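J.: Sharing final.cif, mmCIF, C-alpha atoms:
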data_input
loop_
_atom_site.label_atom_id
_atom_site.label_comp_id
_atom_site.auth_asym_id
_atom_site.auth_seq_id
_atom_site.Cartn_x
_atom_site.Cartn_y
_atom_site.Cartn_z
CA MET C 400 32.61 88.54 -53.52
CA SER C 401 35.00 91.49 -53.19
CA PRO C 402 37.07 91.83 -50.03
CA ASP C 403 35.76 95.40 -49.39
CA ARG C 404 32.21 94.06 -48.81
CA PRO C 405 32.42 91.39 -46.06
CA VAL C 406 29.55 89.10 -45.18
CA GLY C 407 28.75 90.92 -41.94
CA ASP C 408 27.99 94.15 -43.78
CA LEU C 409 25.75 92.37 -46.25
CA PHE C 410 23.76 90.74 -43.45
CA ARG C 411 23.34 94.02 -41.57
CA ARG C 412 22.13 95.78 -44.70
CA PHE C 413 19.67 92.93 -45.40
CA ARG C 414 18.33 93.09 -41.86
CA ASP C 415 17.88 96.86 -41.95
CA ARG C 416 16.11 96.68 -45.30
CA LEU C 417 13.83 93.91 -44.06
CA ALA C 418 12.90 95.96 -41.01
CA VAL C 419 12.03 99.01 -43.13
CA GLU C 420 10.38 97.49 -46.18
CA GLY C 421 8.86 94.26 -44.76
CA PRO C 422 8.88 90.76 -46.24
CA HIS C 423 6.57 91.76 -49.13
CA ARG C 424 9.28 93.75 -50.86
CA LEU C 425 11.94 91.06 -50.42
CA GLY C 426 10.07 87.96 -51.51
CA GLY C 427 9.31 86.78 -47.98
CA PRO C 428 6.08 85.14 -46.79
CA GLY C 429 3.10 86.82 -48.35
CA GLY C 430 5.02 88.24 -51.29
CA HIS C 431 6.66 87.12 -54.52
CA GLY C 432 10.00 88.83 -54.14
CA GLY C 433 9.87 90.46 -57.61
CA HIS C 434 8.68 87.41 -59.54
CA GLY C 435 5.30 88.08 -61.00
CA ALA C 436 2.81 90.73 -59.99
CA LYS C 437 3.28 92.23 -56.55
CA VAL C 438 0.39 92.27 -54.16
CA THR C 439 -0.31 95.55 -52.47
CA PRO C 440 -1.82 95.15 -48.99
CA THR C 441 -5.26 96.65 -48.50
CA PRO C 442 -5.21 99.76 -46.33
CA ASP C 443 -6.66 99.20 -42.88
CA PRO C 444 -7.99 102.06 -40.78
CA ALA C 445 -6.57 100.36 -37.70
CA ARG C 446 -3.08 101.04 -38.99
CA GLY C 447 -1.25 104.18 -38.16
CA ALA C 448 0.44 106.63 -40.40
CA GLY C 449 2.21 105.07 -43.30
CA GLY C 450 0.07 101.93 -43.01
CA ALA C 451 1.87 100.60 -39.93
CA TRP C 452 0.42 98.71 -36.98
CA PRO C 453 0.86 100.22 -33.53
CA GLY C 454 3.82 98.51 -31.85
CA ALA C 455 4.15 97.09 -28.35
CA ASN C 456 5.41 100.37 -26.92
CA GLY C 457 3.02 102.55 -28.85
CA GLY C 458 5.39 103.12 -31.75
CA PRO C 459 4.61 102.15 -35.29
CA VAL C 460 5.47 98.84 -36.80
CA PRO C 461 6.56 98.85 -40.46
CA ALA C 462 3.74 98.75 -42.94
CA GLY C 463 4.92 95.54 -44.53
CA ARG C 464 4.32 93.82 -41.24
CA GLU C 465 1.11 91.78 -41.57
CA ARG C 466 -0.94 91.09 -38.51
CA GLY C 467 -0.91 87.34 -39.13
CA SER C 468 2.87 87.13 -38.69
CA ARG C 469 4.68 85.64 -35.72
CA ALA C 470 5.20 87.73 -32.60
CA THR C 471 8.51 89.66 -32.52
CA ALA C 472 10.05 92.41 -30.47
CA PHE C 473 8.06 94.89 -32.51
CA ASP C 474 4.67 93.21 -32.33
CA PRO C 475 3.39 90.62 -29.82
CA GLY C 476 1.23 89.00 -32.51
CA PRO C 477 -2.55 88.84 -32.74
CA ALA C 478 -3.43 85.42 -31.28
CA ARG C 479 -2.49 86.08 -27.68
CA THR C 480 -6.19 85.97 -26.74
CA ASP C 481 -9.21 84.32 -28.29
CA ALA C 482 -10.69 87.71 -29.11
CA GLY C 483 -7.54 88.79 -30.90
CA ALA C 484 -7.49 85.56 -32.85
CA ARG C 485 -11.07 86.12 -34.00
CA GLU C 486 -10.25 89.67 -35.12
CA ALA C 487 -7.35 88.34 -37.16
CA GLY C 488 -9.50 85.62 -38.66
CA LEU C 489 -7.58 82.87 -36.86
CA ALA C 490 -8.90 79.97 -34.80
CA PRO C 491 -7.36 79.43 -31.36
CA ASN C 492 -5.52 76.11 -31.15
CA PRO C 493 -6.60 74.76 -28.78
CA PRO C 494 -9.66 76.90 -27.96
CA ARG C 495 -9.13 78.23 -24.46
CA ASP C 496 -12.47 79.87 -23.72
CA VAL C 497 -14.66 76.92 -24.80
CA GLU C 498 -15.14 73.86 -22.60
CA PRO C 499 -13.61 70.78 -24.25
CA ALA C 500 -16.17 68.37 -25.61
CA GLY C 501 -16.60 65.06 -23.89
CA ARG C 502 -15.03 66.16 -20.59
CA PRO C 503 -16.86 65.11 -17.40
CA ARG C 504 -18.42 67.89 -15.38
CA ARG C 505 -18.06 68.40 -11.68
CA ARG C 506 -20.87 67.69 -9.30
CA GLY C 507 -23.37 70.47 -8.85
CA GLY C 508 -23.68 71.25 -12.57
CA ARG C 509 -20.57 73.47 -12.79
CA GLY C 510 -18.18 73.27 -15.69
CA GLY C 511 -14.57 72.18 -15.59
CA GLU C 512 -12.70 68.95 -15.43
CA GLN C 513 -13.26 66.23 -12.86
CA LEU C 514 -10.79 66.76 -10.05
CA ASN C 515 -10.83 63.39 -8.35
CA VAL C 516 -8.99 60.41 -9.83
CA PRO C 517 -11.29 57.53 -10.79
CA PRO C 518 -11.02 54.44 -8.58
CA ALA C 519 -8.06 52.26 -9.44
CA THR C 520 -8.59 48.75 -10.69
CA PHE C 521 -6.09 46.23 -9.43
CA THR C 522 -5.34 44.07 -12.42
CA SER C 523 -2.18 42.68 -13.90
CA TYR C 524 -0.77 41.91 -17.30
CA TYR C 525 -3.03 39.77 -19.47
CA GLY C 526 -5.46 39.29 -16.58
CA ARG C 527 -3.03 37.15 -14.59
CA PRO C 528 -2.56 37.62 -10.82
CA ILE C 529 0.60 39.27 -9.58
CA LEU C 530 1.48 36.31 -7.37
CA LYS C 531 1.15 32.72 -8.36
CA ALA C 532 -1.33 31.14 -5.98
CA PRO C 533 -0.07 28.14 -3.98
CA VAL C 534 -0.45 24.88 -5.84
CA TRP C 535 -1.17 23.09 -2.58
CA LYS C 536 -4.47 21.28 -2.40
CA TRP C 537 -6.59 19.95 0.43
CA ASP C 538 -3.94 17.39 1.39
CA ILE C 539 -1.66 20.15 2.74
CA ALA C 540 -4.52 21.60 4.79
CA ALA C 541 -5.13 18.09 6.12
CA TYR C 542 -1.40 17.80 6.83
CA LEU C 543 -1.60 20.97 8.92
CA PHE C 544 -4.43 19.45 10.97
CA THR C 545 -2.98 15.97 11.46
CA GLY C 546 0.39 17.38 12.51
CA GLY C 547 -1.27 19.48 15.18
CA LEU C 548 -3.43 16.58 16.29
CA ALA C 549 -0.34 14.36 16.70
CA ALA C 550 1.45 17.02 18.74
CA GLY C 551 -1.51 17.69 21.02
CA SER C 552 -2.19 13.99 21.56
CA SER C 553 1.43 13.31 22.55
CA LEU C 554 1.26 16.10 25.12
CA LEU C 555 -1.97 14.60 26.42
CA ALA C 556 -0.31 11.17 26.64
CA ALA C 557 2.64 12.62 28.54
CA GLY C 558 0.24 14.24 30.99
CA GLY C 559 -1.57 10.95 31.51
CA GLN C 560 1.77 9.13 31.95
CA LEU C 561 3.07 11.58 34.56
CA THR C 562 -0.21 11.73 36.52
CA GLY C 563 -0.98 7.99 36.49
CA ARG C 564 -3.97 8.05 34.11
CA PRO C 565 -3.53 4.98 31.85
CA ALA C 566 -6.65 5.56 29.75
CA LEU C 567 -5.58 9.11 28.94
CA ARG C 568 -2.04 7.96 28.19
CA ARG C 569 -3.19 5.16 25.93
CA ALA C 570 -5.61 7.35 23.97
CA GLY C 571 -2.96 10.02 23.45
CA ARG C 572 -0.24 7.62 22.28
CA VAL C 573 -2.41 5.71 19.83
CA THR C 574 -3.88 8.91 18.38
CA ALA C 575 -0.42 10.48 18.04
CA LEU C 576 0.87 7.53 16.04
CA ALA C 577 -2.18 7.47 13.77
CA ALA C 578 -2.05 11.24 13.20
CA VAL C 579 1.68 11.39 12.44
CA SER C 580 1.30 8.49 10.02
CA ALA C 581 -1.46 10.40 8.23
CA SER C 582 0.75 13.52 8.21
CA ALA C 583 3.56 11.59 6.53
CA TYR C 584 1.14 10.28 3.93
CA PHE C 585 -0.28 13.72 3.10
CA LEU C 586 3.19 15.23 2.88
CA VAL C 587 4.55 12.50 0.60
CA ASN C 588 1.39 12.69 -1.50
CA ASP C 589 2.00 16.39 -2.05
CA LEU C 590 5.67 15.87 -2.85
CA GLY C 591 4.71 13.29 -5.46
CA LYS C 592 7.53 10.83 -4.77
CA PRO C 593 8.51 9.28 -1.42
CA SER C 594 12.17 9.70 -2.34
CA ARG C 595 11.80 13.50 -2.19
CA PHE C 596 11.11 13.30 1.54
CA HIS C 597 14.24 11.17 1.95
CA HIS C 598 16.29 13.63 -0.10
CA MET C 599 15.29 16.47 2.22
CA LEU C 600 17.12 14.69 5.05
CA ARG C 601 20.46 15.02 3.29
CA VAL C 602 20.89 18.54 4.70
CA ALA C 603 19.80 20.37 7.84
CA LYS C 604 19.21 24.05 7.16
CA LEU C 605 18.08 26.04 10.20
CA THR C 606 16.95 28.99 8.08
CA SER C 607 14.52 26.81 6.12
CA PRO C 608 11.23 25.99 7.91
CA MET C 609 10.69 23.07 5.53
CA SER C 610 14.06 21.54 6.34
CA VAL C 611 13.56 22.02 10.08
CA GLY C 612 10.05 20.61 9.86
CA THR C 613 11.28 17.53 8.05
CA TRP C 614 13.76 16.78 10.82
CA ILE C 615 11.13 17.45 13.50
CA LEU C 616 8.74 15.04 11.84
CA THR C 617 11.53 12.47 11.50
CA THR C 618 12.32 12.73 15.22
CA PHE C 619 8.74 12.78 16.42
CA GLY C 620 7.47 9.90 14.27
CA PRO C 621 9.65 7.06 15.62
CA ALA C 622 9.26 8.26 19.21
CA ALA C 623 5.48 8.32 18.88
CA GLY C 624 5.60 4.90 17.24
CA VAL C 625 7.60 3.30 20.06
CA ALA C 626 5.33 4.86 22.68
CA ALA C 627 2.22 3.55 20.92
CA VAL C 628 3.66 0.05 20.44
CA ALA C 629 4.49 -0.08 24.14
CA GLU C 630 0.78 0.02 24.88
CA ALA C 631 0.54 -3.50 23.41
CA ALA C 632 2.99 -4.93 25.99
CA PRO C 633 0.27 -6.37 28.30
CA TRP C 634 -0.98 -8.51 25.41
CA LEU C 635 2.38 -10.26 24.98
CA PRO C 636 3.13 -13.61 26.68
CA GLU C 637 5.17 -13.54 29.87
CA ARG C 638 7.81 -16.10 28.75
CA GLY C 639 10.22 -16.39 25.87
CA LEU C 640 11.43 -13.72 23.53
CA LEU C 641 8.06 -12.00 23.53
CA GLY C 642 8.14 -12.03 27.30
CA LEU C 643 11.39 -10.07 27.17
CA GLY C 644 9.62 -7.56 24.95
CA ARG C 645 6.78 -7.38 27.47
CA ARG C 646 9.26 -6.35 30.16
CA LEU C 647 11.29 -3.89 28.06
CA LEU C 648 8.56 -2.11 26.15
CA PRO C 649 6.94 -0.17 29.03
CA PRO C 650 10.09 1.71 30.09
CA ALA C 651 11.07 2.26 26.46
CA GLY C 652 7.56 3.55 25.75
CA ASN C 653 7.73 5.96 28.69
CA ALA C 654 11.04 7.39 27.47
CA ALA C 655 9.81 7.61 23.88
CA GLY C 656 6.59 9.28 25.01
CA LEU C 657 8.56 12.01 26.77
CA VAL C 658 10.75 12.52 23.69
CA ALA C 659 7.63 12.91 21.57
CA ALA C 660 6.15 15.37 24.07
CA VAL C 661 9.33 17.46 24.03
CA THR C 662 9.24 17.57 20.22
CA ALA C 663 5.49 18.26 20.08
CA PRO C 664 5.59 22.09 20.52
CA ALA C 665 7.95 22.43 17.55
CA LEU C 666 5.80 20.08 15.48
CA SER C 667 2.64 22.05 16.22
CA THR C 668 4.10 25.49 15.42
CA TYR C 669 6.59 25.00 12.60
CA THR C 670 3.78 24.78 10.04
CA GLY C 671 2.68 28.29 11.03
CA VAL C 672 6.24 29.52 10.47
CA LEU C 673 6.30 27.67 7.16
CA LEU C 674 3.19 29.48 5.90
CA ALA C 675 4.38 32.88 7.14
CA ASP C 676 7.71 32.40 5.34
CA THR C 677 5.98 32.46 1.94
CA ALA C 678 5.14 35.51 -0.21
CA VAL C 679 1.38 34.94 0.21
CA PRO C 680 0.20 38.31 1.62
CA SER C 681 -2.23 37.21 4.33
CA TRP C 682 0.08 34.43 5.52
CA HIS C 683 3.20 36.55 5.51
CA GLU C 684 1.62 39.44 7.39
CA ALA C 685 0.20 37.10 10.05
CA TYR C 686 3.61 35.76 11.07
CA PRO C 687 3.17 36.67 14.79
CA GLU C 688 -0.24 34.95 15.07
CA LEU C 689 0.03 31.81 12.95
CA PRO C 690 2.32 29.85 15.33
CA VAL C 691 0.06 30.82 18.24
CA ILE C 692 -3.08 29.75 16.39
CA PHE C 693 -1.56 26.43 15.41
CA ALA C 694 -0.28 25.77 18.93
CA GLY C 695 -3.71 26.48 20.40
CA SER C 696 -5.39 24.35 17.75
CA ALA C 697 -3.04 21.45 18.53
CA LEU C 698 -3.77 21.64 22.26
CA ALA C 699 -7.52 21.86 21.67
CA SER C 700 -7.54 18.85 19.34
CA GLY C 701 -5.45 16.79 21.79
CA ALA C 702 -7.82 17.72 24.59
CA GLY C 703 -10.73 16.67 22.41
CA VAL C 704 -9.17 13.21 22.02
CA GLY C 705 -8.88 12.91 25.78
CA LEU C 706 -12.50 13.95 26.35
CA LEU C 707 -13.66 11.46 23.74
CA ALA C 708 -11.62 8.44 24.87
CA ALA C 709 -10.97 8.75 28.60
CA PRO C 710 -13.52 8.31 31.37
CA THR C 711 -14.61 11.43 33.22
CA GLY C 712 -12.53 10.50 36.26
CA GLN C 713 -9.30 10.68 34.22
CA ALA C 714 -10.20 13.60 31.95
CA GLY C 715 -9.01 16.39 34.26
CA PRO C 716 -5.79 17.17 32.28
CA ALA C 717 -7.82 17.11 29.06
CA ARG C 718 -10.23 19.75 30.35
CA ARG C 719 -7.38 22.03 31.41
CA LEU C 720 -5.69 21.49 28.06
CA ALA C 721 -8.95 22.37 26.31
CA VAL C 722 -9.24 25.71 28.10
CA ALA C 723 -5.64 26.70 27.31
CA GLY C 724 -5.79 25.57 23.70
CA ALA C 725 -9.13 27.21 22.93
CA ALA C 726 -7.98 30.50 24.50
CA LEU C 727 -4.89 30.62 22.25
CA GLU C 728 -6.85 29.58 19.19
CA LEU C 729 -9.63 32.13 19.69
CA TRP C 730 -7.19 34.95 20.48
CA GLY C 731 -5.06 34.25 17.40
CA ALA C 732 -8.04 33.91 15.06
CA HIS C 733 -9.46 37.20 16.33
CA ARG C 734 -6.12 38.93 15.75
CA VAL C 735 -5.72 37.82 12.13
CA GLU C 736 -9.27 39.00 11.38
CA THR C 737 -8.83 42.47 12.92
CA ARG C 738 -5.15 43.51 13.11
CA MET C 739 -3.91 43.47 9.53
CA GLY C 740 -6.28 45.92 7.87
CA LEU C 741 -6.93 45.00 4.24
CA LEU C 742 -5.02 41.71 4.60
CA SER C 743 -7.49 40.58 7.27
CA GLU C 744 -10.28 40.63 4.70
CA PRO C 745 -9.56 37.16 3.21
CA TYR C 746 -9.95 35.64 6.69
CA ALA C 747 -13.34 37.27 7.22
CA THR C 748 -14.99 36.64 3.85
CA GLY C 749 -15.67 33.70 1.58
CA THR C 750 -14.85 30.13 2.50
CA ALA C 751 -12.14 31.11 4.96
CA GLY C 752 -14.50 33.41 6.85
CA LYS C 753 -17.14 30.72 7.18
CA LEU C 754 -14.62 28.15 8.40
CA LEU C 755 -13.02 30.45 10.95
CA ARG C 756 -16.38 31.56 12.34
CA SER C 757 -17.43 27.93 12.65
CA GLY C 758 -14.14 27.13 14.37
CA ARG C 759 -14.69 29.87 16.94
CA ALA C 760 -18.21 28.71 17.68
CA LEU C 761 -17.17 25.06 18.01
CA ALA C 762 -14.19 25.91 20.23
CA ALA C 763 -16.35 27.98 22.58
CA ALA C 764 -18.98 25.24 22.71
CA GLY C 765 -16.34 22.58 23.37
CA VAL C 766 -14.78 24.46 26.27
CA LEU C 767 -18.18 25.20 27.79
CA GLY C 768 -19.20 21.56 27.52
CA ALA C 769 -15.91 20.36 28.99
CA LEU C 770 -16.34 22.60 32.03
CA VAL C 771 -20.03 21.89 32.55
CA GLY C 772 -20.02 18.15 31.83
CA ARG C 773 -17.41 17.04 34.32
CA ARG C 774 -19.50 14.01 35.32
CA SER C 775 -21.37 13.41 32.09
CA ARG C 776 -19.68 10.98 29.74
CA VAL C 777 -21.96 11.96 26.87
CA LEU C 778 -21.43 15.70 27.29
CA SER C 779 -17.66 15.23 27.59
CA GLY C 780 -17.66 13.22 24.36
CA LEU C 781 -19.65 15.88 22.54
CA SER C 782 -17.29 18.55 23.82
CA GLY C 783 -14.30 16.55 22.62
CA GLY C 784 -15.81 16.15 19.17
CA ALA C 785 -16.51 19.88 19.00
CA LEU C 786 -12.89 20.71 19.87
CA VAL C 787 -11.52 18.38 17.20
CA ALA C 788 -13.92 19.83 14.62
CA ALA C 789 -12.90 23.36 15.66
CA SER C 790 -9.27 22.50 14.97
CA VAL C 791 -10.18 21.21 11.50
CA CYS C 792 -12.13 24.38 10.67
CA THR C 793 -9.35 26.66 11.91
CA ARG C 794 -6.59 24.94 9.92
CA PHE C 795 -8.61 24.83 6.71
CA GLY C 796 -9.78 28.43 7.22
CA ILE C 797 -6.22 29.72 7.53
CA PHE C 798 -5.25 27.73 4.46
CA HIS C 799 -8.09 29.06 2.29
CA GLY C 800 -7.58 32.64 3.49
CA GLY C 801 -3.98 32.67 2.33
CA VAL C 802 -4.82 31.18 -1.05
CA ALA C 803 -7.55 33.80 -1.58
CA SER C 804 -5.14 36.65 -0.80
CA ALA C 805 -2.67 35.38 -3.40
CA LYS C 806 -5.30 35.31 -6.15
CA ASP C 807 -6.46 38.94 -5.81
CA PRO C 808 -3.87 41.58 -6.91
CA LYS C 809 -5.13 44.23 -4.51
CA TYR C 810 -3.80 42.32 -1.50
CA THR C 811 -0.33 42.67 -3.01
CA VAL C 812 -0.52 46.17 -4.55
CA VAL C 813 -2.27 48.17 -1.82
CA PRO C 814 -0.01 47.12 1.10
CA GLN C 815 3.06 47.81 -1.05
CA ARG C 816 1.82 51.33 -1.80
CA GLU C 817 1.03 51.93 1.85
CA ARG C 818 4.48 50.80 2.92
CA ALA C 819 6.10 53.03 0.29
CA GLN C 820 4.02 56.00 1.44
CA ARG C 821 4.95 55.39 5.08
CA ARG C 822 8.64 55.28 4.16
CA ALA C 823 8.29 58.52 2.20
CA ASP C 824 6.46 60.22 5.08
CA GLN C 825 9.07 58.99 7.55
CA GLN C 826 11.88 60.29 5.35
CA THR C 827 10.14 63.66 5.05
CA HIS C 828 9.66 63.82 8.82
CA ILE C 829 13.34 63.02 9.44
CA SER C 830 14.68 65.40 6.79
CA GLY C 831 12.15 68.17 7.30
CA PRO C 832 11.09 70.70 4.68
CA GLY C 833 14.09 72.42 3.12
CA ALA C 834 16.61 70.26 4.92
CA GLY C 835 19.92 70.04 3.15
CA PRO C 836 23.57 69.23 3.72
CA ASN C 837 24.15 72.62 5.34
CA GLY C 838 21.03 72.47 7.47
CA GLY C 839 19.32 75.12 5.32
#
With the file now loaded, output its structure as structure tokens.
T.:
Amino acid sequence: MSPDRPVGDLFRRFRDRLAVEGPHRLGGPGGHGGHGAKVTPTPDPARGAGGAWPGANGGPVPAGRERGSRATAFDPGPARTDAGAREAGLAPNPPRDVEPAGRPRRRGGRGGEQLNVPPATFTSYYGRPILKAPVWKWDIAAYLFTGGLAAGSSLLAAGGQLTGRPALRRAGRVTALAAVSASAYFLVNDLGKPSRFHHMLRVAKLTSPMSVGTWILTTFGPAAGVAAVAEAAPWLPERGLLGLGRRLLPPAGNAAGLVAAVTAPALSTYTGVLLADTAVPSWHEAYPELPVIFAGSALASGAGVGLLAAPTGQAGPARRLAVAGAALELWGAHRVETRMGLLSEPYATGTAGKLLRSGRALAAAGVLGALVGRRSRVLSGLSGGALVAASVCTRFGIFHGGVASAKDPKYTVVPQRERAQRRADQQTHISGPGAGPNGG
């Protein structure tokens, strides 16, 4: 290439020639560029003088410009509308004036796409739940009940001890020992090995409800045992070594009974804290109510023991305990079934719903019978049995409700979305529309 003909001049000349003659004369699309016979475009009456299309501003477009070419500054191209595409023999891609096949129609028979989003299905990968449901079985639900029964009975025994009611004291102490022994069995059975319970005593972690509960149970158990054994002191001989035990056991039993009564509130409520500390949705959300429900259930079951075992003349503290316990239990159960929105549903349906409704009915019947049957031994016994059965139904109902909420993904997904939406709305409210670093 000679130095007097730079590349820029060659390109400008090529561009000018292309604009005047069109791609047909230069071997572009639609032409052969001098190789073989040239094709002469058919005259079209729609073209202007010289066989040119009218341009965008009314001026002519060079004749070599075919209507099927791409839009340029000279010509916007034919397929800007469906009508123009049909005139040029082209098919719109995609067709814009024809309703897409297979699209759902709106209600009322009008065309168009469906505006509302179809209902979401709350599933997870491979059909598995989002949370792993608790592996606990019925023995943990029984553990919840027996722990509350032991706590309530020890409080009943302390009331009988302080008010001079030996039958009430004796019934409470013996029941507390039997219930705490059953609790230890159910707990060890769930752990699988007795040594695991012993290993949990190697540390004391206040932030762990399980660790705290283990130490509470360890403190309560021996105290309840000494108090119950002290009830056998009158059966011992008056002389000898056993006679010494006959004289020492009553005061030791009184002190141990008070220690057990002091520990009883923690024993009755820590299981509620333990359940609320898990990731199970309906347990975790009910953290304010579960300790209250379990405390009320413990008091009601202890009162039931007193109404069953003590004569009517000594059952006054049991009746008062029944009223207080049933009130707490009914209030807490009503709250978990109404306060938590979607997460209240597991407590109102299925097995949990049936158990909790039965528990409410039995608790109300037990309190009514305790108040009406002050002088009827039979009616007091029936009321006591109803209160104990109400405690069983309540504990098992709470247990089954939490397990059901862990198995269904919607109880995990929907509350998470609602919390995220509330945070977003709160952030928008704080920032305001258009808020920025300069307050604009």
J.: What separation in Å, quoted to one decimal, exists between atom CA of Ala769 of chain C and atom CA of Gly546 of chain C?
T.: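 That distance, rounded to one decimal, is 23.4 Å.
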J.: Could you work out how far atom CA of Pro690 of chain C lies from atom CA of Val672 of chain C, giving the answer in Å with one decimal?
T.: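 Between these atoms lies a distance of 6.3 Å.
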J.: So what do you get for atom CA of Arg646 of chain C versus atom CA of Ala631 of chain C, distance-wise?
T.: 11.4 Å
J.: Enumerate, in order of chain and increasing residue number, the residues of segment 748-794 of chain C with an atom no farther than 10 Å from segment 719-740 of chain C, each with its shortest atom pair and distance in Å to one decimal, counting all atoms listed in the file, as a Markdown table.
T.:
| residue | atom | partner | partner_atom | distance |
| --- | --- | --- | --- | --- |
| C:Thr748 | CA | C:Glu736 | CA | 9.7 |
| C:Gly752 | CA | C:Glu736 | CA | 8.9 |
| C:Leu755 | CA | C:Ala732 | CA | 7.3 |
| C:Arg756 | CA | C:Ala732 | CA | 9.1 |
| C:Gly758 | CA | C:Leu729 | CA | 8.6 |
| C:Arg759 | CA | C:Leu729 | CA | 6.2 |
| C:Ala760 | CA | C:Leu729 | CA | 9.5 |
| C:Leu761 | CA | C:Ala725 | CA | 9.7 |
| C:Ala762 | CA | C:Ala725 | CA | 5.9 |
| C:Ala763 | CA | C:Ala725 | CA | 7.3 |
| C:Gly765 | CA | C:Ala721 | CA | 8.0 |
| C:Val766 | CA | C:Val722 | CA | 6.0 |
| C:Leu767 | CA | C:Val722 | CA | 9.0 |
| C:Ala769 | CA | C:Ala721 | CA | 7.7 |
| C:Leu770 | CA | C:Val722 | CA | 8.7 |
| C:Ser782 | CA | C:Ala721 | CA | 9.5 |
| C:Gly783 | CA | C:Ala721 | CA | 8.7 |
| C:Leu786 | CA | C:Ala721 | CA | 7.7 |
| C:Ala789 | CA | C:Ala725 | CA | 9.0 |
| C:Ser790 | CA | C:Glu728 | CA | 8.6 |
| C:Thr793 | CA | C:Ala732 | CA | 8.0 |
J.: Could you tell me, as a ChimeraX atom specification, exactly which residues end up selected when the PyMOL selection byres ((chain C and resi 605-609) around 7) is applied to this structure?
T.: /C:603-604,610-613,669,672-673
J.: Running the PyMOL selection byres ((chain C and resi 713) around 9) on this model by hand, what would come out? Give it as a list of chain:residue names.
T.: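 After applying the PyMOL selection byres ((chain C and resi 713) around 9), what remains is C:Gly559, C:Arg564, C:Pro565, C:Ala566, C:Leu567, C:Gly705, C:Ala709, C:Pro710, C:Thr711, C:Gly712, C:Ala714, C:Gly715, C:Pro716, C:Ala717.
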J.: Might I get the box with edges along x, y and z of the file that holds all atoms of segment 593-600 of chain C listed there, padded by 8 Å on every side, given as centre and edge lengths in Å to one decimal, as lines of an AutoDock Vina configuration file?
T.:
center_x = 12.8
center_y = 12.9
center_z = 1.4
size_x = 24.6
size_y = 23.2
size_z = 23.4
J.: Using only C-alpha atoms, list the residues that have an atom at most 7 Å from (-0.6, 15.3, 1.7), coordinates as in the file, as a list in words.
T.: Asp538, Ile539, Ala541, Tyr542, Ser582, Tyr584, Phe585, Leu586, Val587, Asn588 and Asp589 of chain C
J.: Please provide the set of residues having any atom within 7 Å of Phe798 of chain C, restricted to only C-alpha atoms, with same-chain residues fewer than 4 positions apart removed, written as JSON, numbers by chain.
T.: {"C": [540, 794, 802]}
J.: Those selected residues, please, written with C-alpha atoms and delivered as a compact mmCIF listing (two decimals), in the coordinates of the input.
T.:
# COMPACT_ATOMS: atom_id res chain seq x y z
CA ALA C 540 -4.52 21.60 4.79
CA ARG C 794 -6.59 24.94 9.92
CA VAL C 802 -4.82 31.18 -1.05
J.: With all atoms listed in the file as the atoms that count, which of C:Ala583, C:Leu548, C:Ala622, C:Val628 lies nearest to Val661 of chain C?
T.: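 Checking each candidate against Val661 of chain C, we get C:Ala622 as the closest.
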J.: Assuming the chain letters and numbering stay as they are in my file, what does the PyMOL selection byres ((chain C and resi 620) around 12) actually select? List them as a count of residues only.
T.: 37
J.: Given the choices C:Arg416, C:Leu706, C:Trp537, C:Phe544, which gets closest to Arg773 of chain C if the distance is worked out from only C-alpha atoms?
T.: C:Leu706
